[in-house]
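Some notes on the structure that comes next.
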Amino acid sequence: MELLEYLPQVVSGWNLVILIVGTVVGLLLGATPGLSPTMAVALLIPFTFQMDATSGLILLGVLYTSTVAGGAVSAILVNIPGAPANIATMLDGHPMAKKGRANEALHYCFISSGIGGVIGVLVLIFFTPMLVGFALSFGPSELFWIAILGITVIGSLGSASVLKGLLAGAVGIWISLIGFNPVAGTERFVFSEHLQGGVTIIPALIGLFAIPQVFQMIEDAKRGLSGETFGMEQRSVLTSLVYNLSKVRALSIGSIVGTVVGLIPGAGGQIAGLIAYDQNKKFSSDPDAFGKGEPEGVIASESANNAMVGASLVPMLSLGIPGSPTAAVLLGGLLIQGLFPGPGLFTQHAEVAWTFMGALLVSQILMVVFGLYISRFSKYVIRVPKYYMAAAVTVLAVFGTYSVQNSVSDVIIMMVLGTAMYFAMRFGFSPGPVVLGIILGPIAETNLLQGQMIAQAMDGTFQYFFTGSINMLLIGLCVLSIGYSAIAELKARARRRQSTGRTVEIDP
């Protein structure tokens, strides 16, 4: 097998140094709010100009996989996802930290990330040829229904009720429409010059999660609550590993969902993590435990967003069609080195291709090792006084937002959204559905408009969107997801009434 032939080159000399440095740097960048995997890879592309093709691709690939995992650190410790892919991790990871189980949550994060990452890379290595056709079968109609499927899970993402979750998601979709129509180019909902460029995901993500957290830290500090309020448990890595491996359902759902979503061009890790979290919650015997510190929530979401990494490179390396935004940037790095995707990459440049894939496999192991080592120092983050933590988060929020487009307007949007979310959270609303709406809104809209244009030249809109095996399967999943969420909400209300001892009296 070609991989075994080139594997010694992965762990020798300069390539091994790049693997280690890239993994550590990726974990640190991923843990910084605002520095998404896409941005991290883009920032370091210039450093690959003087490297040979193999070393340059190894650096970018390792950064990709380690920043996705590193984003869970801030999600768990300070309730601010380092990247969109870590939104679902935060839902149960931070409640675990508040219960004094931050070290345990980080263990589950890195172990499940490594397991999901290995599965994703193995899919890349062994199944690339047969999965190319699957990736090509997703056109605008299929991607539209994928976005709708993601929207159906909005109601269960941390809000006080399904209705409030759906309302928050609708607000997120509306926010995503601000700016210019992606097809017609017409201006929509632009009330200020600061909104002419629309609301991009990084300012929205940082504002909706970071700014309310800053206000909460200041409130806690005024009440005399310090960072030492939340204790730190002594957790054995071996104990966490055994427990993690015992959660076969969460690992399986996360890895399968991550792989499938990664193969779909343009989907991304945030959709993988959220769908895996939602599906694992629906299959759980105790769905009410999710959102309150359930380890399976962390395991499913982290295994999903890392399984997505390897799978997203399948269509990129084979056809030049990136499976995620970060893979699109990585494609640019590939082209800069004079390499072009396709069968020729595995024949004419076999050494580069197979060494790169071998490096991705080894990087999963290094990511787990260094991630578990870094988790030992999480106690120092938790014990930082609230005032200092609030100041540090604010600085990182402003820096992360401004650095995306060097735009003051983005900073203003971030602050406005964050302040509004702070007050909305007092009424039982959650930032998760809003962010998911902002993410999925453009995907649904763009593919709907493109699908309508294609449908006009074919048999009509209905035939295009409501026929075909993949479309029908996705529509069925959407219906099941909505129905299950409604039934789960009714059951949860019934359980709450029973637990509070309330009864309904019928007046004779």
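We name chains A, B, ... following the order of the structure tokens; residues begin at 1 in each chain, and ligands are numbered from 1 as shown.
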
Got a sec: who's within 9 Å of stretch 175-185 of chain A, counting only C-alpha atoms, leaving out chain neighbours fewer than 5 positions off, as a list in words?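 My list of contacting residues is Ala170, Val190, Leu195, Gln196, Gly197, Gly198, Val199, Thr200, Ile201, Val434, Gly437, Ile438, Ile439, Leu440, Gly441, Pro442, Glu445, Thr446, Leu449 and Gln450 of chain A.
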
Restrict the selected residues to N, CA and C atoms and save them as an mmCIF file, in the first residue's frame.
```cif
data_model
loop_
_atom_site.group_PDB
_atom_site.id
_atom_site.type_symbol
_atom_site.label_atom_id
_atom_site.label_comp_id
_atom_site.auth_asym_id
_atom_site.auth_seq_id
_atom_site.Cartn_x
_atom_site.Cartn_y
_atom_site.Cartn_z
ATOM 1 N N ALA A 170 -35.279 32.132 13.601
ATOM 2 C CA ALA A 170 -35.851 32.986 12.558
ATOM 3 C C ALA A 170 -35.173 34.354 12.546
ATOM 4 N N VAL A 190 -30.802 47.232 4.780
ATOM 5 C CA VAL A 190 -29.602 48.019 5.086
ATOM 6 C C VAL A 190 -30.052 49.342 5.704
ATOM 7 N N LEU A 195 -24.072 48.321 7.708
ATOM 8 C CA LEU A 195 -24.680 47.043 7.326
ATOM 9 C C LEU A 195 -24.566 46.753 5.833
ATOM 10 N N GLN A 196 -23.894 47.612 5.084
ATOM 11 C CA GLN A 196 -23.826 47.414 3.637
ATOM 12 C C GLN A 196 -23.121 46.119 3.264
ATOM 13 N N GLY A 197 -22.167 45.699 4.066
ATOM 14 C CA GLY A 197 -21.475 44.446 3.793
ATOM 15 C C GLY A 197 -22.151 43.234 4.391
ATOM 16 N N GLY A 198 -23.317 43.428 4.993
ATOM 17 C CA GLY A 198 -24.015 42.316 5.625
ATOM 18 C C GLY A 198 -23.420 41.981 6.985
ATOM 19 N N VAL A 199 -23.912 40.937 7.582
ATOM 20 C CA VAL A 199 -23.419 40.453 8.878
ATOM 21 C C VAL A 199 -22.720 39.124 8.647
ATOM 22 N N THR A 200 -21.411 39.107 8.723
ATOM 23 C CA THR A 200 -20.643 37.883 8.500
ATOM 24 C C THR A 200 -20.599 37.054 9.780
ATOM 25 N N ILE A 201 -20.181 35.819 9.640
ATOM 26 C CA ILE A 201 -20.317 34.858 10.728
ATOM 27 C C ILE A 201 -19.402 35.164 11.919
ATOM 28 N N VAL A 434 -29.686 31.479 17.067
ATOM 29 C CA VAL A 434 -29.450 32.670 16.256
ATOM 30 C C VAL A 434 -28.247 32.459 15.339
ATOM 31 N N GLY A 437 -29.020 30.045 12.581
ATOM 32 C CA GLY A 437 -29.792 30.702 11.533
ATOM 33 C C GLY A 437 -28.919 31.554 10.631
ATOM 34 N N ILE A 438 -27.953 32.255 11.217
ATOM 35 C CA ILE A 438 -27.043 33.084 10.419
ATOM 36 C C ILE A 438 -26.178 32.222 9.513
ATOM 37 N N ILE A 439 -25.787 31.047 9.994
ATOM 38 C CA ILE A 439 -24.946 30.151 9.198
ATOM 39 C C ILE A 439 -25.734 29.504 8.066
ATOM 40 N N LEU A 440 -26.927 29.009 8.406
ATOM 41 C CA LEU A 440 -27.691 28.229 7.432
ATOM 42 C C LEU A 440 -28.503 29.100 6.475
ATOM 43 N N GLY A 441 -28.824 30.316 6.876
ATOM 44 C CA GLY A 441 -29.616 31.195 6.022
ATOM 45 C C GLY A 441 -29.021 31.402 4.634
ATOM 46 N N PRO A 442 -27.745 31.833 4.540
ATOM 47 C CA PRO A 442 -27.141 32.021 3.206
ATOM 48 C C PRO A 442 -27.040 30.730 2.397
ATOM 49 N N GLU A 445 -30.607 30.066 1.121
ATOM 50 C CA GLU A 445 -31.032 31.069 0.140
ATOM 51 C C GLU A 445 -30.285 30.925 -1.185
ATOM 52 N N THR A 446 -28.956 30.814 -1.109
ATOM 53 C CA THR A 446 -28.159 30.723 -2.333
ATOM 54 C C THR A 446 -28.546 29.506 -3.155
ATOM 55 N N LEU A 449 -32.084 29.919 -4.728
ATOM 56 C CA LEU A 449 -32.091 30.786 -5.907
ATOM 57 C C LEU A 449 -31.418 30.111 -7.103
ATOM 58 N N GLN A 450 -30.289 29.436 -6.839
ATOM 59 C CA GLN A 450 -29.618 28.726 -7.929
ATOM 60 C C GLN A 450 -30.479 27.584 -8.448
#
```

Find the spatial neighbours of A:Gly400, counting only C-alpha atoms, within a cut-off of 12 Å - ignore same-chain residues fewer than 3 positions away - and output them as a count of residues only. 35

Find, counting only C-alpha atoms, the residue in A:Gly100, A:Pro433, A:Gly61, A:Gly338 that gets nearest to A:Ser363.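 That would be A:Gly61, the residue with the smallest distance to A:Ser363.
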
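In this comparison, which uses only C-alpha atoms, the residue of A:Ala311, A:Met51, A:Leu331, A:Met316 approaching A:Phe126 most closely is A:Ala311.
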
Run DSSP on the backbone and give me the residues of stretch 41-114 of chain A it puts in alpha helix (DSSP H), as a count of residues only. 54

Got a sec to tell me which of stretch 94-316 of chain A DSSP assigns to strand (DSSP E), as a VMD selection string? chain A and resid 179 to 180 187 to 188
